[in-house]
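Shown here: start01.txt, compact mmCIF, C-alpha atoms.
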```
# COMPACT_ATOMS: atom_id res chain seq x y z
CA MET X 1 89.18 99.09 119.95
CA SER X 2 92.38 100.68 118.67
CA ALA X 3 93.03 102.25 115.27
CA ARG X 4 95.34 99.36 114.47
CA ASP X 5 92.58 96.84 115.26
CA PHE X 6 90.19 98.57 112.86
CA HIS X 7 92.96 98.80 110.28
CA LYS X 8 93.63 95.05 110.53
CA ARG X 9 89.91 94.35 110.18
CA ALA X 10 89.86 96.52 107.07
CA GLU X 11 92.73 94.55 105.56
CA ARG X 12 91.05 91.21 106.28
CA ALA X 13 87.70 92.38 104.89
CA ARG X 14 89.33 93.60 101.68
CA GLU X 15 91.21 90.35 101.14
CA HIS X 16 87.91 88.48 101.53
CA GLY X 17 86.27 90.69 98.89
CA SER X 18 84.18 92.79 101.32
CA PHE X 19 85.32 96.12 99.93
CA ILE X 20 82.60 98.37 101.39
CA GLU X 21 83.07 96.84 104.83
CA SER X 22 86.81 97.41 104.46
CA LEU X 23 86.25 101.08 103.62
CA ASN X 24 84.05 101.49 106.70
CA PHE X 25 86.74 100.01 108.96
CA CYS X 26 89.30 102.28 107.30
CA GLU X 27 87.23 105.34 108.13
CA LEU X 28 87.09 104.31 111.79
CA ALA X 29 90.83 103.65 111.84
CA PHE X 30 91.56 106.98 110.16
CA GLU X 31 89.51 108.89 112.74
CA ILE X 32 91.43 107.35 115.65
CA TYR X 33 94.80 107.73 113.92
CA SER X 34 93.92 111.39 113.35
CA ARG X 35 93.12 111.97 117.02
CA GLU X 36 96.44 110.34 117.90
CA LYS X 37 98.31 112.55 115.38
CA ASN X 38 99.63 109.32 113.85
CA SER X 39 100.71 110.35 110.33
CA LEU X 40 102.04 106.89 109.51
CA GLY X 41 98.72 105.28 110.38
CA MET X 42 96.65 107.89 108.53
CA SER X 43 98.73 107.68 105.36
CA GLU X 44 98.75 103.88 105.33
CA VAL X 45 95.03 103.58 105.95
CA CYS X 46 94.55 105.83 102.90
CA ALA X 47 96.60 103.26 100.98
CA SER X 48 94.22 100.55 102.21
CA MET X 49 91.22 102.61 101.06
CA PHE X 50 92.86 103.09 97.68
CA LEU X 51 93.05 99.32 97.17
CA SER X 52 89.39 98.75 98.07
CA LEU X 53 88.25 101.55 95.77
CA ARG X 54 90.34 100.20 92.91
CA HIS X 55 88.85 96.75 93.45
CA LEU X 56 85.35 98.28 93.32
CA SER X 57 86.26 100.02 90.07
CA GLU X 58 87.30 96.66 88.60
CA LYS X 59 84.27 94.85 90.00
CA TYR X 60 81.70 97.29 88.60
CA ASP X 61 83.75 98.51 85.60
CA ASP X 62 83.17 102.05 86.89
CA ILE X 63 85.88 104.67 86.53
CA SER X 64 84.30 106.85 89.22
CA TYR X 65 85.66 104.48 91.87
CA LEU X 66 89.09 104.72 90.25
CA LEU X 67 88.95 108.52 90.37
CA ARG X 68 88.07 108.32 94.06
CA ALA X 69 90.93 105.87 94.52
CA GLU X 70 93.37 108.34 92.95
CA TYR X 71 92.07 111.10 95.22
CA ILE X 72 92.44 109.11 98.45
CA ALA X 73 95.92 107.94 97.38
CA GLN X 74 96.85 111.60 96.88
CA VAL X 75 95.50 112.43 100.36
CA GLY X 76 97.63 109.71 101.94
CA TYR X 77 100.69 110.90 100.04
CA GLU X 78 100.19 114.52 101.13
CA ILE X 79 99.73 113.47 104.76
CA ALA X 80 103.00 111.54 104.63
CA LYS X 81 104.83 114.40 102.88
CA ASN X 82 103.59 117.01 105.32
CA SER X 83 104.55 114.89 108.32
CA GLY X 84 108.25 115.06 107.47
CA ASN X 85 108.50 111.43 108.60
CA ARG X 86 110.39 109.40 105.97
CA GLU X 87 109.10 106.09 107.30
CA SER X 88 105.59 107.24 106.38
CA LEU X 89 106.33 107.98 102.72
CA SER X 90 107.05 104.75 100.83
CA ILE X 91 103.63 103.06 100.95
CA PRO X 92 101.63 106.23 100.12
CA ALA X 93 104.03 107.05 97.26
CA PHE X 94 103.60 103.49 95.98
CA SER X 95 99.79 103.71 96.18
CA LEU X 96 99.76 107.00 94.30
CA ALA X 97 102.08 105.48 91.68
CA GLU X 98 99.62 102.62 91.29
CA ALA X 99 96.77 105.11 90.95
CA HIS X 100 98.57 106.97 88.16
CA TYR X 101 99.50 103.70 86.45
CA SER X 102 95.85 102.61 86.53
CA ILE X 103 94.78 105.70 84.58
CA ASP X 104 97.69 105.48 82.11
CA LYS X 105 99.72 108.36 83.59
CA TYR X 106 102.92 106.39 83.23
CA LYS X 107 105.41 109.27 83.42
CA THR X 108 104.21 110.45 86.85
CA ALA X 109 103.80 106.83 87.95
CA VAL X 110 107.50 106.23 87.20
CA LYS X 111 108.52 109.19 89.38
CA LEU X 112 106.35 108.02 92.26
CA TYR X 113 107.52 104.40 92.05
CA LYS X 114 111.08 105.70 92.18
CA GLU X 115 110.27 107.69 95.31
CA ALA X 116 108.60 104.66 96.91
CA ILE X 117 111.66 102.49 96.19
CA LYS X 118 114.05 105.12 97.49
CA THR X 119 112.21 105.49 100.80
CA LEU X 120 111.29 101.81 101.38
CA PRO X 121 114.44 101.16 103.48
CA ASP X 122 113.06 103.70 105.99
CA SER X 123 109.67 101.98 106.12
CA PRO X 124 108.58 99.37 108.68
CA HIS X 125 107.43 97.31 105.68
CA ASN X 126 110.90 97.03 104.15
CA SER X 127 111.77 93.55 102.86
CA ALA X 128 113.41 92.01 99.80
CA LEU X 129 110.01 90.76 98.61
CA TYR X 130 108.34 94.16 98.94
CA MET X 131 111.27 95.85 97.18
CA LEU X 132 111.00 93.50 94.20
CA ASN X 133 107.24 94.06 94.11
CA MET X 134 107.91 97.78 93.72
CA VAL X 135 110.79 97.32 91.28
CA TYR X 136 108.91 95.22 88.72
CA ARG X 137 106.00 97.68 88.73
CA PHE X 138 108.46 100.55 88.32
CA GLU X 139 110.09 98.86 85.32
CA ILE X 140 106.78 97.97 83.67
CA ALA X 141 105.66 101.60 84.05
CA LYS X 142 108.92 102.68 82.40
CA PHE X 143 108.23 100.22 79.58
CA ARG X 144 104.73 101.61 79.12
CA ASP X 145 106.26 105.09 79.05
CA GLY X 146 108.52 104.11 76.15
CA ASP X 147 111.64 102.50 77.64
CA LYS X 148 111.69 99.19 75.78
CA LYS X 149 114.71 97.90 77.71
CA ALA X 150 112.76 98.14 80.95
CA LEU X 151 110.80 95.00 80.07
CA ASP X 152 113.87 92.80 80.57
CA ARG X 153 114.51 94.44 83.95
CA ALA X 154 110.89 93.81 84.98
CA CYS X 155 111.25 90.14 84.03
CA LYS X 156 114.49 89.93 86.01
CA ALA X 157 112.79 91.37 89.11
CA LEU X 158 109.95 88.85 88.82
CA LEU X 159 112.42 85.99 88.45
CA GLU X 160 114.26 87.17 91.58
CA MET X 161 110.94 87.30 93.41
CA GLU X 162 110.09 83.80 92.22
CA ASN X 163 113.42 82.52 93.59
CA ILE X 164 112.91 83.97 97.07
CA ASN X 165 112.22 81.17 99.54
CA ASP X 166 108.89 82.49 100.75
CA LYS X 167 105.56 80.70 100.56
CA SER X 168 103.49 83.65 101.72
CA TYR X 169 100.14 84.84 100.40
CA GLU X 170 101.74 88.19 99.54
CA LYS X 171 104.34 86.58 97.30
CA ASP X 172 101.68 84.69 95.34
CA VAL X 173 99.56 87.85 95.00
CA TRP X 174 102.45 90.01 93.83
CA LEU X 175 104.02 87.41 91.55
CA SER X 176 100.77 86.50 89.80
CA GLY X 177 99.94 90.19 89.46
CA GLY X 178 103.37 90.79 87.95
CA TYR X 179 102.88 88.21 85.23
CA MET X 180 99.41 89.56 84.53
CA ARG X 181 100.77 93.08 84.21
CA LEU X 182 103.53 91.86 81.89
CA GLY X 183 101.04 89.98 79.74
CA GLU X 184 98.74 92.97 79.45
CA SER X 185 101.64 95.29 78.63
CA ILE X 186 102.92 93.32 75.62
CA TYR X 187 99.69 91.76 74.34
CA ARG X 188 99.42 93.99 71.29
CA SER X 189 103.04 93.45 70.22
CA ASP X 190 103.59 89.80 71.21
CA LYS X 191 100.41 87.83 71.85
CA LYS X 192 102.23 84.50 72.15
CA LYS X 193 104.57 85.73 74.90
CA ALA X 194 101.73 87.55 76.61
CA ARG X 195 99.73 84.32 76.80
CA GLU X 196 102.75 82.59 78.34
CA TYR X 197 102.88 85.22 81.09
CA LEU X 198 99.14 84.90 81.71
CA ALA X 199 99.54 81.13 81.90
CA LYS X 200 102.23 81.60 84.56
CA ALA X 201 99.89 83.86 86.49
CA LYS X 202 97.12 81.25 86.25
CA GLU X 203 99.44 78.52 87.52
CA ILE X 204 100.24 80.55 90.64
CA ILE X 205 96.60 81.47 91.19
CA ASP X 206 95.38 77.89 90.77
CA SER X 207 97.94 76.68 93.30
CA ASN X 208 96.63 78.99 96.03
CA PRO X 209 92.86 78.86 96.75
CA GLU X 210 93.12 82.08 98.76
CA LEU X 211 93.75 84.13 95.61
CA THR X 212 90.05 84.58 94.83
CA ILE X 213 90.35 88.30 94.00
CA ARG X 214 93.34 87.69 91.74
CA LYS X 215 91.46 84.84 90.04
CA ASN X 216 88.57 87.17 89.19
CA GLN X 217 91.01 89.79 87.94
CA LEU X 218 92.64 87.26 85.63
CA VAL X 219 89.27 86.26 84.19
CA ARG X 220 88.42 89.90 83.49
CA LEU X 221 91.83 90.51 81.94
CA GLN X 222 91.53 87.48 79.66
CA GLU X 223 88.08 88.67 78.55
CA LYS X 224 89.48 92.15 77.89
CA LEU X 225 92.33 90.80 75.76
CA SER X 226 90.33 88.16 73.88
```

Structure translated into structure tokens:
Amino acid sequence: MSARDFHKRAERAREHGSFIESLNFCELAFEIYSREKNSLGMSEVCASMFLSLRHLSEKYDDISYLLRAEYIAQVGYEIAKNSGNRESLSIPAFSLAEAHYSIDKYKTAVKLYKEAIKTLPDSPHNSALYMLNMVYRFEIAKFRDGDKKALDRACKALLEMENINDKSYEKDVWLSGGYMRLGESIYRSDKKKAREYLAKAKEIIDSNPELTIRKNQLVRLQEKLS
């Protein structure tokens, strides 16, 4: 079985909530990518591991998983940087930005999101949908770092994403996550508006039965903010 096959299995397992199984497949993929000297594969499989570890942190409310997630995101980023291959950089930079955002390091998250956006056109994952997914996270991080005008730009990016004619699973995941992140970010200052954003997220989640992970995340977020 190829590294790519194991990597695909890891992605499927994670999306079905089997996070430990996903990590095991990632390790197998990483080993083969390493033997092949495939920096793109190694860095992106680290991004996959980051997501599973972050999900485990949320599931068990255990920051140790989040610290491991930050570490593996850093590893993927360094692999991509050291390779000198620009097409390898965007996804690892994005994952490391997400890691820093998750532990409230908004200033460094902003820099990394910016790098991810700048290098996305060189990535095999480049698309209008993926760009908007990065942009709204970038703007929300800027808002959390003190740029109050960034909130309007984040909302604009989400509206553009909403208007893209795409009925994919990824769009529903990213759009619902965007409204959840917006709601969480303004809850202390504007509870009414925050609840409106969370209601939008719920509407998207309820319309797609595949969004089981996102549904659980929304429940936890609502409990946290109640």

* Please identify all polymer residues within 12 Å of Val219 (chain X), counting only C-alpha atoms, omitting same-chain residues fewer than 4 positions from it, and present them as number ranges by chain. => X: 58-59, 180, 198-199, 201-202, 205, 212-215, 223-226

* **Cut-off 9 Å around (104.2, 107.4, 96.8) with only C-alpha atoms: residues as a ChimeraX atom specification** => /X:73-74,76-77,80,89-98,109,111-117

* To do: May I ask which of the residues X:Lys81, X:His100, X:His125, X:Arg137 is the closest one to Ala157 (chain X), counting all atoms listed in the file?
  =>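 For Ala157 (chain X), the nearest of the candidates is X:Arg137.
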
With a distance cut-off of 9 Å and only C-alpha atoms, select the neighbouring residues of Leu51 (chain X), excluding the residue or stretch itself and same-chain residues fewer than 6 positions from it, and output the selection as a PDB file with C-alpha atoms, in the frame of the given file.
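Contents of result-v3.pdb, freshly written:
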```pdb
ATOM      1  CA  ARG X  14      89.330  93.600 101.680  1.00  0.00           C
ATOM      2  CA  PHE X  19      85.320  96.120  99.930  1.00  0.00           C
ATOM      3  CA  ALA X  69      90.930 105.870  94.520  1.00  0.00           C
ATOM      4  CA  SER X  95      99.790 103.710  96.180  1.00  0.00           C
TER       5      SER X  95
END
```

* Asked: Given the choices X:Glu27, X:Glu44, X:Glu196, X:Asp145, which gets closest to Glu78 (chain X) if the distance is worked out from all atoms listed in the file?
  ->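 Closest to Glu78 (chain X) of all the choices is X:Glu44.
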
* Mind pulling up the distance from CA of Asn133 (chain X) to CA of Trp174 (chain X)? ->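 Between CA of Trp174 (chain X) and CA of Asn133 (chain X) the gap works out to 6.3 Å.
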
* For CA of Leu151 (chain X) and CA of Met131 (chain X), quote the distance in Å rounded to one decimal. => 17.1 Å

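Rounded to one decimal, CA of Ser127 (chain X) and CA of Glu31 (chain X) lie 28.8 Å from each other.
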
* Which residues come within 9 Å of Phe50 (chain X), counting all atoms listed in the file, excluding same-chain residues fewer than 3 positions away, as a PyMOL selection string? -> chain X and resi 45-47+53-55+66+68-73+95-96+99
